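Structure file protein_2.cif with mmCIF, all heavy atoms:
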data_work
#
loop_
_atom_site.label_atom_id
_atom_site.label_comp_id
_atom_site.auth_asym_id
_atom_site.auth_seq_id
_atom_site.Cartn_x
_atom_site.Cartn_y
_atom_site.Cartn_z
N MET Q 1 55.60 86.68 89.33
CA MET Q 1 56.71 87.44 88.74
C MET Q 1 56.59 87.34 87.23
O MET Q 1 56.52 86.25 86.69
CB MET Q 1 58.02 86.85 89.24
CG MET Q 1 59.25 87.33 88.55
SD MET Q 1 60.11 88.45 89.63
CE MET Q 1 61.38 88.99 88.57
N PRO Q 2 56.61 88.46 86.53
CA PRO Q 2 56.53 88.40 85.07
C PRO Q 2 57.81 87.81 84.48
O PRO Q 2 58.89 87.93 85.05
CB PRO Q 2 56.39 89.87 84.67
CG PRO Q 2 56.94 90.64 85.81
CD PRO Q 2 56.71 89.81 87.03
N ARG Q 3 57.65 87.15 83.36
CA ARG Q 3 58.83 86.62 82.69
C ARG Q 3 59.64 87.79 82.15
O ARG Q 3 59.13 88.65 81.45
CB ARG Q 3 58.43 85.69 81.56
CG ARG Q 3 57.85 84.40 82.11
CD ARG Q 3 57.74 83.33 81.07
NE ARG Q 3 58.94 83.14 80.31
CZ ARG Q 3 59.85 82.20 80.52
NH1 ARG Q 3 59.69 81.36 81.51
NH2 ARG Q 3 60.90 82.08 79.75
N LEU Q 4 60.90 87.84 82.50
CA LEU Q 4 61.75 88.98 82.11
C LEU Q 4 61.93 89.06 80.60
O LEU Q 4 61.94 90.14 80.04
CB LEU Q 4 63.10 88.88 82.81
CG LEU Q 4 63.06 88.99 84.32
CD1 LEU Q 4 64.45 88.82 84.90
CD2 LEU Q 4 62.49 90.31 84.75
N THR Q 5 62.09 87.92 79.95
CA THR Q 5 62.31 87.96 78.51
C THR Q 5 61.09 88.48 77.77
O THR Q 5 61.20 89.22 76.81
CB THR Q 5 62.72 86.59 77.95
OG1 THR Q 5 61.70 85.65 78.29
CG2 THR Q 5 64.04 86.13 78.51
N ALA Q 6 59.90 88.12 78.22
CA ALA Q 6 58.69 88.59 77.57
C ALA Q 6 58.48 90.08 77.84
O ALA Q 6 58.00 90.81 76.98
CB ALA Q 6 57.49 87.79 78.07
N HIS Q 7 58.85 90.51 79.01
CA HIS Q 7 58.61 91.88 79.42
C HIS Q 7 59.65 92.85 78.83
O HIS Q 7 59.31 93.98 78.49
CB HIS Q 7 58.63 91.95 80.93
CG HIS Q 7 57.68 92.93 81.53
ND1 HIS Q 7 56.65 93.51 80.87
CD2 HIS Q 7 57.63 93.44 82.77
CE1 HIS Q 7 56.01 94.33 81.65
NE2 HIS Q 7 56.58 94.31 82.82
N TYR Q 8 60.87 92.43 78.74
CA TYR Q 8 61.94 93.33 78.32
C TYR Q 8 62.62 92.92 77.03
O TYR Q 8 63.43 93.66 76.50
CB TYR Q 8 62.98 93.47 79.44
CG TYR Q 8 62.36 94.07 80.67
CD1 TYR Q 8 62.05 93.30 81.77
CD2 TYR Q 8 62.02 95.41 80.69
CE1 TYR Q 8 61.43 93.86 82.86
CE2 TYR Q 8 61.40 95.97 81.78
CZ TYR Q 8 61.11 95.19 82.87
OH TYR Q 8 60.50 95.74 83.95
N GLY Q 9 62.34 91.72 76.54
CA GLY Q 9 62.89 91.30 75.26
C GLY Q 9 64.37 90.98 75.27
O GLY Q 9 64.97 90.84 74.21
N TYR Q 10 64.97 90.86 76.41
CA TYR Q 10 66.40 90.57 76.48
C TYR Q 10 66.60 89.15 76.97
O TYR Q 10 66.09 88.77 78.01
CB TYR Q 10 67.11 91.54 77.43
CG TYR Q 10 68.60 91.29 77.50
CD1 TYR Q 10 69.41 91.68 76.45
CD2 TYR Q 10 69.17 90.65 78.57
CE1 TYR Q 10 70.76 91.42 76.47
CE2 TYR Q 10 70.52 90.39 78.60
CZ TYR Q 10 71.31 90.79 77.56
OH TYR Q 10 72.65 90.53 77.58
N THR Q 11 67.33 88.36 76.20
CA THR Q 11 67.53 86.96 76.57
C THR Q 11 68.99 86.60 76.75
O THR Q 11 69.32 85.45 76.97
CB THR Q 11 66.93 86.02 75.49
OG1 THR Q 11 67.57 86.29 74.25
CG2 THR Q 11 65.43 86.22 75.38
N GLY Q 12 69.89 87.56 76.63
CA GLY Q 12 71.32 87.29 76.73
C GLY Q 12 71.81 87.27 78.16
O GLY Q 12 71.03 87.39 79.11
N PRO Q 13 73.11 87.12 78.33
CA PRO Q 13 73.69 87.11 79.68
C PRO Q 13 73.63 88.49 80.31
O PRO Q 13 73.46 89.49 79.61
CB PRO Q 13 75.14 86.68 79.42
CG PRO Q 13 75.41 87.16 78.04
CD PRO Q 13 74.11 87.00 77.29
N ILE Q 14 73.75 88.55 81.63
CA ILE Q 14 73.77 89.85 82.28
C ILE Q 14 75.20 90.37 82.44
O ILE Q 14 75.41 91.43 82.99
CB ILE Q 14 73.03 89.85 83.64
CG1 ILE Q 14 73.66 88.90 84.63
CG2 ILE Q 14 71.58 89.55 83.45
CD1 ILE Q 14 73.12 89.04 86.05
N ASP Q 15 76.18 89.64 81.94
CA ASP Q 15 77.55 90.12 81.92
C ASP Q 15 77.78 90.93 80.65
O ASP Q 15 77.04 90.82 79.69
CB ASP Q 15 78.54 88.95 81.93
CG ASP Q 15 78.55 88.23 83.26
OD1 ASP Q 15 78.34 88.88 84.29
OD2 ASP Q 15 78.78 87.01 83.26
N GLY Q 16 78.83 91.71 80.66
CA GLY Q 16 79.18 92.46 79.46
C GLY Q 16 78.43 93.77 79.37
O GLY Q 16 77.87 94.26 80.33
N ASP Q 17 78.40 94.32 78.19
CA ASP Q 17 77.83 95.65 77.96
C ASP Q 17 76.37 95.52 77.52
O ASP Q 17 76.08 95.58 76.33
CB ASP Q 17 78.66 96.39 76.93
CG ASP Q 17 78.22 97.82 76.75
OD1 ASP Q 17 77.55 98.35 77.65
OD2 ASP Q 17 78.53 98.40 75.70
N VAL Q 18 75.46 95.33 78.47
CA VAL Q 18 74.04 95.24 78.13
C VAL Q 18 73.36 96.59 78.26
O VAL Q 18 72.23 96.74 77.84
CB VAL Q 18 73.31 94.19 79.01
CG1 VAL Q 18 73.86 92.82 78.75
CG2 VAL Q 18 73.37 94.54 80.46
N GLY Q 19 74.02 97.56 78.83
CA GLY Q 19 73.47 98.89 78.99
C GLY Q 19 72.86 99.10 80.36
O GLY Q 19 72.22 98.20 80.91
N THR Q 20 73.07 100.27 80.88
CA THR Q 20 72.57 100.62 82.21
C THR Q 20 71.06 100.52 82.29
O THR Q 20 70.51 100.03 83.27
CB THR Q 20 73.04 102.04 82.60
OG1 THR Q 20 74.46 102.07 82.57
CG2 THR Q 20 72.56 102.43 83.97
N GLY Q 21 70.36 100.97 81.24
CA GLY Q 21 68.90 100.92 81.25
C GLY Q 21 68.37 99.51 81.33
O GLY Q 21 67.36 99.25 82.00
N THR Q 22 69.03 98.58 80.66
CA THR Q 22 68.61 97.18 80.70
C THR Q 22 68.80 96.61 82.09
O THR Q 22 67.92 95.91 82.61
CB THR Q 22 69.40 96.34 79.68
OG1 THR Q 22 69.18 96.87 78.38
CG2 THR Q 22 69.00 94.89 79.71
N VAL Q 23 69.92 96.91 82.71
CA VAL Q 23 70.19 96.41 84.07
C VAL Q 23 69.21 97.03 85.06
O VAL Q 23 68.68 96.34 85.94
CB VAL Q 23 71.65 96.66 84.49
CG1 VAL Q 23 71.89 96.22 85.93
CG2 VAL Q 23 72.60 95.94 83.55
N GLU Q 24 68.91 98.32 84.90
CA GLU Q 24 67.94 98.96 85.79
C GLU Q 24 66.57 98.31 85.64
O GLU Q 24 65.87 98.08 86.63
CB GLU Q 24 67.86 100.45 85.51
CG GLU Q 24 69.08 101.21 85.98
CD GLU Q 24 69.08 102.66 85.56
OE1 GLU Q 24 68.23 103.06 84.72
OE2 GLU Q 24 69.93 103.41 86.07
N ALA Q 25 66.17 98.01 84.42
CA ALA Q 25 64.88 97.34 84.19
C ALA Q 25 64.87 95.96 84.84
O ALA Q 25 63.87 95.55 85.43
CB ALA Q 25 64.60 97.23 82.69
N LEU Q 26 65.98 95.24 84.73
CA LEU Q 26 66.10 93.93 85.36
C LEU Q 26 65.98 94.08 86.88
O LEU Q 26 65.25 93.33 87.53
CB LEU Q 26 67.44 93.29 84.99
CG LEU Q 26 67.82 92.02 85.75
CD1 LEU Q 26 66.85 90.89 85.41
CD2 LEU Q 26 69.24 91.62 85.44
N GLN Q 27 66.68 95.05 87.44
CA GLN Q 27 66.64 95.25 88.89
C GLN Q 27 65.22 95.59 89.35
O GLN Q 27 64.77 95.08 90.37
CB GLN Q 27 67.63 96.35 89.30
CG GLN Q 27 69.07 95.92 89.17
CD GLN Q 27 70.06 97.07 89.31
OE1 GLN Q 27 69.76 98.22 88.95
NE2 GLN Q 27 71.24 96.75 89.83
N ARG Q 28 64.51 96.42 88.60
CA ARG Q 28 63.13 96.77 88.97
C ARG Q 28 62.23 95.54 88.91
O ARG Q 28 61.37 95.35 89.77
CB ARG Q 28 62.60 97.87 88.06
CG ARG Q 28 63.13 99.23 88.40
CD ARG Q 28 62.40 100.33 87.62
NE ARG Q 28 63.13 101.56 87.75
CZ ARG Q 28 64.03 102.02 86.90
NH1 ARG Q 28 64.31 101.34 85.79
NH2 ARG Q 28 64.67 103.14 87.11
N ALA Q 29 62.39 94.72 87.87
CA ALA Q 29 61.57 93.51 87.75
C ALA Q 29 61.86 92.55 88.89
O ALA Q 29 60.94 91.96 89.47
CB ALA Q 29 61.83 92.84 86.40
N LEU Q 30 63.13 92.41 89.24
CA LEU Q 30 63.50 91.53 90.35
C LEU Q 30 62.95 92.07 91.67
O LEU Q 30 62.50 91.31 92.52
CB LEU Q 30 65.01 91.36 90.42
CG LEU Q 30 65.63 90.57 89.26
CD1 LEU Q 30 67.15 90.72 89.25
CD2 LEU Q 30 65.23 89.10 89.31
N GLN Q 31 62.95 93.40 91.83
CA GLN Q 31 62.37 94.01 93.03
C GLN Q 31 60.88 93.74 93.10
O GLN Q 31 60.36 93.39 94.15
CB GLN Q 31 62.60 95.52 93.03
CG GLN Q 31 63.92 95.96 93.56
CD GLN Q 31 64.05 97.47 93.62
OE1 GLN Q 31 63.38 98.20 92.88
NE2 GLN Q 31 64.92 97.94 94.48
N SER Q 32 60.19 93.90 91.97
CA SER Q 32 58.74 93.70 91.97
C SER Q 32 58.37 92.26 92.29
O SER Q 32 57.29 92.00 92.80
CB SER Q 32 58.12 94.14 90.65
OG SER Q 32 58.44 93.22 89.61
N GLY Q 33 59.28 91.34 92.02
CA GLY Q 33 59.06 89.95 92.35
C GLY Q 33 59.56 89.56 93.73
O GLY Q 33 59.50 88.41 94.12
N GLY Q 34 60.08 90.54 94.47
CA GLY Q 34 60.56 90.28 95.82
C GLY Q 34 61.89 89.56 95.89
O GLY Q 34 62.25 89.02 96.93
N LEU Q 35 62.65 89.58 94.81
CA LEU Q 35 63.92 88.87 94.77
C LEU Q 35 65.13 89.77 94.97
O LEU Q 35 66.23 89.29 95.19
CB LEU Q 35 64.07 88.13 93.43
CG LEU Q 35 63.05 87.03 93.15
CD1 LEU Q 35 63.18 86.55 91.72
CD2 LEU Q 35 63.25 85.88 94.12
N TYR Q 36 64.94 91.08 94.88
CA TYR Q 36 66.06 92.01 94.95
C TYR Q 36 65.66 93.19 95.81
O TYR Q 36 64.61 93.79 95.61
CB TYR Q 36 66.41 92.48 93.53
CG TYR Q 36 67.54 93.48 93.44
CD1 TYR Q 36 68.84 93.11 93.72
CD2 TYR Q 36 67.31 94.78 93.05
CE1 TYR Q 36 69.89 94.02 93.63
CE2 TYR Q 36 68.34 95.70 92.94
CZ TYR Q 36 69.62 95.32 93.23
OH TYR Q 36 70.66 96.22 93.13
N ASP Q 37 66.52 93.53 96.78
CA ASP Q 37 66.22 94.68 97.63
C ASP Q 37 67.34 95.71 97.60
O ASP Q 37 67.37 96.61 98.44
CB ASP Q 37 65.91 94.24 99.06
CG ASP Q 37 67.08 93.55 99.74
OD1 ASP Q 37 68.14 93.38 99.11
OD2 ASP Q 37 66.94 93.18 100.92
N GLY Q 38 68.20 95.60 96.63
CA GLY Q 38 69.31 96.55 96.50
C GLY Q 38 68.90 97.79 95.72
O GLY Q 38 67.74 97.94 95.33
N PRO Q 39 69.85 98.66 95.49
CA PRO Q 39 69.56 99.88 94.74
C PRO Q 39 69.35 99.60 93.25
O PRO Q 39 69.96 98.69 92.70
CB PRO Q 39 70.82 100.74 94.95
CG PRO Q 39 71.91 99.73 95.15
CD PRO Q 39 71.26 98.58 95.88
N VAL Q 40 68.49 100.39 92.63
CA VAL Q 40 68.33 100.34 91.18
C VAL Q 40 69.33 101.35 90.64
O VAL Q 40 69.06 102.55 90.56
CB VAL Q 40 66.88 100.68 90.75
CG1 VAL Q 40 66.77 100.74 89.25
CG2 VAL Q 40 65.92 99.67 91.33
N ASP Q 41 70.53 100.83 90.31
CA ASP Q 41 71.62 101.72 89.91
C ASP Q 41 72.24 101.36 88.56
O ASP Q 41 73.17 102.01 88.10
CB ASP Q 41 72.71 101.73 90.99
CG ASP Q 41 73.27 100.35 91.29
OD1 ASP Q 41 72.92 99.38 90.58
OD2 ASP Q 41 74.06 100.23 92.24
N GLY Q 42 71.73 100.31 87.94
CA GLY Q 42 72.26 99.92 86.64
C GLY Q 42 73.56 99.16 86.68
O GLY Q 42 74.12 98.82 85.65
N ALA Q 43 74.04 98.86 87.88
CA ALA Q 43 75.30 98.12 88.03
C ALA Q 43 75.01 96.66 88.33
O ALA Q 43 74.15 96.35 89.15
CB ALA Q 43 76.14 98.73 89.15
N VAL Q 44 75.73 95.77 87.66
CA VAL Q 44 75.57 94.34 87.90
C VAL Q 44 76.53 93.94 89.02
O VAL Q 44 77.65 93.54 88.79
CB VAL Q 44 75.84 93.50 86.63
CG1 VAL Q 44 75.63 92.02 86.91
CG2 VAL Q 44 74.95 93.95 85.49
N GLY Q 45 76.04 94.09 90.24
CA GLY Q 45 76.84 93.73 91.40
C GLY Q 45 76.42 92.39 91.96
O GLY Q 45 75.62 91.66 91.37
N SER Q 46 76.95 92.06 93.11
CA SER Q 46 76.68 90.75 93.71
C SER Q 46 75.20 90.55 94.04
O SER Q 46 74.68 89.45 93.90
CB SER Q 46 77.55 90.55 94.96
OG SER Q 46 77.26 91.54 95.92
N GLY Q 47 74.53 91.61 94.46
CA GLY Q 47 73.11 91.50 94.79
C GLY Q 47 72.26 91.23 93.56
O GLY Q 47 71.33 90.42 93.59
N THR Q 48 72.58 91.92 92.46
CA THR Q 48 71.85 91.70 91.21
C THR Q 48 72.09 90.29 90.70
O THR Q 48 71.16 89.60 90.28
CB THR Q 48 72.29 92.73 90.14
OG1 THR Q 48 72.05 94.05 90.64
CG2 THR Q 48 71.53 92.53 88.85
N ARG Q 49 73.33 89.85 90.76
CA ARG Q 49 73.66 88.49 90.30
C ARG Q 49 72.93 87.44 91.13
O ARG Q 49 72.37 86.48 90.61
CB ARG Q 49 75.16 88.24 90.37
CG ARG Q 49 75.95 89.00 89.35
CD ARG Q 49 77.45 88.73 89.53
NE ARG Q 49 78.23 89.66 88.76
CZ ARG Q 49 78.45 89.57 87.46
NH1 ARG Q 49 77.94 88.58 86.79
NH2 ARG Q 49 79.17 90.46 86.84
N ALA Q 50 72.92 87.62 92.45
CA ALA Q 50 72.26 86.64 93.33
C ALA Q 50 70.75 86.62 93.06
O ALA Q 50 70.14 85.54 93.01
CB ALA Q 50 72.54 86.98 94.79
N ALA Q 51 70.15 87.79 92.89
CA ALA Q 51 68.72 87.85 92.63
C ALA Q 51 68.37 87.21 91.29
O ALA Q 51 67.39 86.50 91.16
CB ALA Q 51 68.24 89.30 92.67
N PHE Q 52 69.21 87.46 90.27
CA PHE Q 52 68.96 86.87 88.97
C PHE Q 52 69.11 85.36 89.03
O PHE Q 52 68.34 84.63 88.43
CB PHE Q 52 69.90 87.47 87.91
CG PHE Q 52 69.54 87.05 86.51
CD1 PHE Q 52 68.48 87.64 85.87
CD2 PHE Q 52 70.25 86.06 85.88
CE1 PHE Q 52 68.13 87.24 84.59
CE2 PHE Q 52 69.91 85.66 84.60
CZ PHE Q 52 68.84 86.24 83.94
N LYS Q 53 70.08 84.89 89.79
CA LYS Q 53 70.27 83.45 89.96
C LYS Q 53 69.06 82.83 90.65
O LYS Q 53 68.57 81.77 90.24
CB LYS Q 53 71.54 83.17 90.76
CG LYS Q 53 71.85 81.70 90.94
CD LYS Q 53 73.14 81.50 91.71
CE LYS Q 53 73.42 80.04 91.91
NZ LYS Q 53 74.63 79.82 92.69
N ASP Q 54 68.55 83.50 91.68
CA ASP Q 54 67.35 83.01 92.37
C ASP Q 54 66.16 82.97 91.40
O ASP Q 54 65.38 82.01 91.41
CB ASP Q 54 67.00 83.90 93.57
CG ASP Q 54 67.96 83.76 94.72
OD1 ASP Q 54 68.75 82.77 94.74
OD2 ASP Q 54 67.96 84.64 95.59
N PHE Q 55 66.03 83.99 90.57
CA PHE Q 55 64.95 84.02 89.58
C PHE Q 55 65.10 82.85 88.60
O PHE Q 55 64.15 82.12 88.35
CB PHE Q 55 64.96 85.35 88.81
CG PHE Q 55 64.07 85.31 87.60
CD1 PHE Q 55 62.69 85.37 87.75
CD2 PHE Q 55 64.59 85.20 86.34
CE1 PHE Q 55 61.85 85.32 86.65
CE2 PHE Q 55 63.76 85.15 85.23
CZ PHE Q 55 62.40 85.21 85.38
N ALA Q 56 66.30 82.66 88.07
CA ALA Q 56 66.54 81.59 87.12
C ALA Q 56 66.26 80.23 87.74
O ALA Q 56 65.69 79.34 87.08
CB ALA Q 56 67.97 81.66 86.59
N ASN Q 57 66.62 80.04 89.00
CA ASN Q 57 66.38 78.77 89.67
C ASN Q 57 64.90 78.53 89.96
O ASN Q 57 64.49 77.40 90.20
CB ASN Q 57 67.18 78.69 90.98
CG ASN Q 57 68.66 78.53 90.73
OD1 ASN Q 57 69.08 78.03 89.70
ND2 ASN Q 57 69.47 78.96 91.68
N SER Q 58 64.11 79.60 89.94
CA SER Q 58 62.69 79.45 90.22
C SER Q 58 61.88 79.04 88.99
O SER Q 58 60.71 78.71 89.10
CB SER Q 58 62.11 80.77 90.77
OG SER Q 58 61.98 81.73 89.74
N LEU Q 59 62.52 79.05 87.83
CA LEU Q 59 61.81 78.70 86.59
C LEU Q 59 61.62 77.23 86.45
O LEU Q 59 62.35 76.42 86.86
CB LEU Q 59 62.57 79.24 85.38
CG LEU Q 59 62.71 80.74 85.31
CD1 LEU Q 59 63.52 81.14 84.09
CD2 LEU Q 59 61.37 81.43 85.29
#
Write out the structure in this file as structure tokens.
Amino acid sequence: MPRLTAHYGYTGPIDGDVGTGTVEALQRALQSGGLYDGPVDGAVGSGTRAAFKDFANSL
């Protein structure tokens, strides 16, 4: 799995107004790593949060 910060340059929290494009990029990266199987919709829902938590715990 590629490092998200190196690939997308975003190191902040996934809460708040990070932009739909940033969330979609995060969701695609998580999908490519096999951590997320939800829709790429730009919304930070429970599936995105869980996948990001799994990614963070894998570091």
- Message: Expand the PyMOL selection byres ((chain Q and resi 45-53) around 3.5) into the explicit residue set it covers here, and present it as a list of chain:residue names.
- Response: Q:Asp15, Q:Gln27, Q:Leu35, Q:Ala43, Q:Val44, Q:Asp54, Q:Phe55, Q:Ala56, Q:Asn57
- Query: So how many Å separate atom CE2 of Tyr36 of chain Q and atom C of Ser58 of chain Q, to one decimal?
  - Reply: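 Atom-to-atom, atom CE2 of Tyr36 of chain Q and atom C of Ser58 of chain Q are spaced 18.3 Å apart.
Once only C-alpha atoms are considered, the residues situated within 10 Å of the file point (65.6, 96.5, 91.0) turn out to be Q:Val23, Q:Glu24, Q:Ala25, Q:Leu26, Q:Gln27, Q:Arg28, Q:Ala29, Q:Leu30, Q:Gln31, Q:Ser32, Q:Gly33, Q:Gly34, Q:Leu35, Q:Tyr36, Q:Asp37, Q:Gly38, Q:Pro39, Q:Val40, Q:Asp41, Q:Gly42, Q:Gly47, Q:Thr48, Q:Ala51.
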- Query: What does the distance from atom CG2 of Thr22 of chain Q to atom CD1 of Leu59 of chain Q come to in Å, to one decimal?
  - Reply: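 That distance, rounded to one decimal, is 15.4 Å.
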